[in-house]
Each structure stands twice: as C-alpha cells, then as structure tokens.
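Peer 1: The following block contains the structure, expressed as structure tokens.
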Amino acid sequence: MGLNSGNALVEQTFSDGIGSITIIGGTVRIDFMIFSPDEKGVDGRPKVVHLQRIVMAPEGFLHSAEKIQEAAQALSKLGTTARPSGEPRAVEPPVAEPRVVEPIVSAPTNMQANPPTPPKRPFP
C-alpha cells in the first residue's frame with residue numbers, strides 16, 4: 001500500500017479472506033486469498049486463488065490481532081453478521097490445503113510475560 005505526501009490512500013487491495021497463517025522461522029506469514037471469477041472447483045464453487053502474502057514479526061502480528069478483534073467486535077455490535085433481511089450469511093470459504101507449520105522454538109520473553117489484552121473500549 002503506498003501513501004502520497006498528504007497521507008491519502010492511493011492503492012487498495014481487495015481480498016475475500018485469509019487463506020492461511022503460517023509461522024516459519026520466527027516470522028508469521030499471512031496469505032490472503034480471493035475467489036477466482038473464472039476458475040471453478042470440482043464442486044462448481046469458485047476456486048480459491050492466492051492473492052498476496054504479508055510477512056510479519058510475531059510482535060507485529062499480535063498487535064494486528066488485537067486490532068482485528070476490535071474491528072470484529074465493532075461489526076458484531078453493528079449487526080453486520082446478518083443480511084439486511086435478517087437472514088444469516090451462508091458464505092463458507094473453501095478449506096485451504098493443509099500446510100506444514102514450524103512452531104516458534106523460543107519466543108522473546110516479553111511476549112511470554114505479557115500476553116495480548118482484550119480491548120478496553122468499544123471500537124467506534
């Protein structure tokens with residue numbers, strides 16, 4: 001994502017969701033995916049296509065997880081988990097292929113001593 005000198009957003013990337021999150025060699029890899037508009041799976045549903053990968057330090061990932069939790073709570077309060085008609089959403093993304101994940105052998109001691117805390121205020 002690029003920013004111009006006025007800090008206005010000039011580029012956006014759309015994703016249908018996170019396909020997988022892996023931890024390898026002490027870094028967290030988040031693979032974003034989209035549903036292909038052209039390719040279909042054997043069940044006739046759109047095929048999942050890898051879109052982009054973000055690689056983060058564990059500390060950055062934990063901070064991001066807190067922010068995602070805040071946004072999820074805000075969406076829940078707004079009632080966006082149901083359609084305007086009141087009908088629940090039936091979108092179920094296809095299951096991503098299993099991947100081998102190497103666990104972090106030793107995390108920094110500050111991460112073990114200070115687990116992330118839940119947000120203290122509702123997200124506006």
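Letters A, B, ... mark the chains of the structure tokens in the order given; residue numbers begin at 1 per chain; ligand numbers begin at 1, in order shown.
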Extract, using only C-alpha atoms, all DNA, RNA and protein residues at most 12 Å from Thr13 of chain A, discarding same-chain residues fewer than 3 positions from it, and format them as a PyMOL selection string.
Peer 2: chain A and resi 1-2+9-10+16-17+32-34+51-53
Peer 1: Using only C-alpha atoms, find the one residue out of A:Ala57, A:Leu62, A:Val49, A:Ala74 that sits nearest to Ser20 of chain A.
Peer 2: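 Closest to Ser20 of chain A, using only C-alpha atoms: A:Val49.
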Peer 1: What is the distance, in Å and to one decimal place, between atom CA of Ile54 of chain A and atom CA of Ser76 of chain A?
Peer 2: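 Taking atom CA of Ile54 of chain A as the start and atom CA of Ser76 of chain A as the end point, the length is 25.9 Å.
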Peer 1: What is the atom CA of Gly19 of chain A-atom CA of Val48 of chain A distance in Å, reported with one decimal?
Peer 2: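 Taking atom CA of Gly19 of chain A as the start and atom CA of Val48 of chain A as the end point, the length is 8.2 Å.
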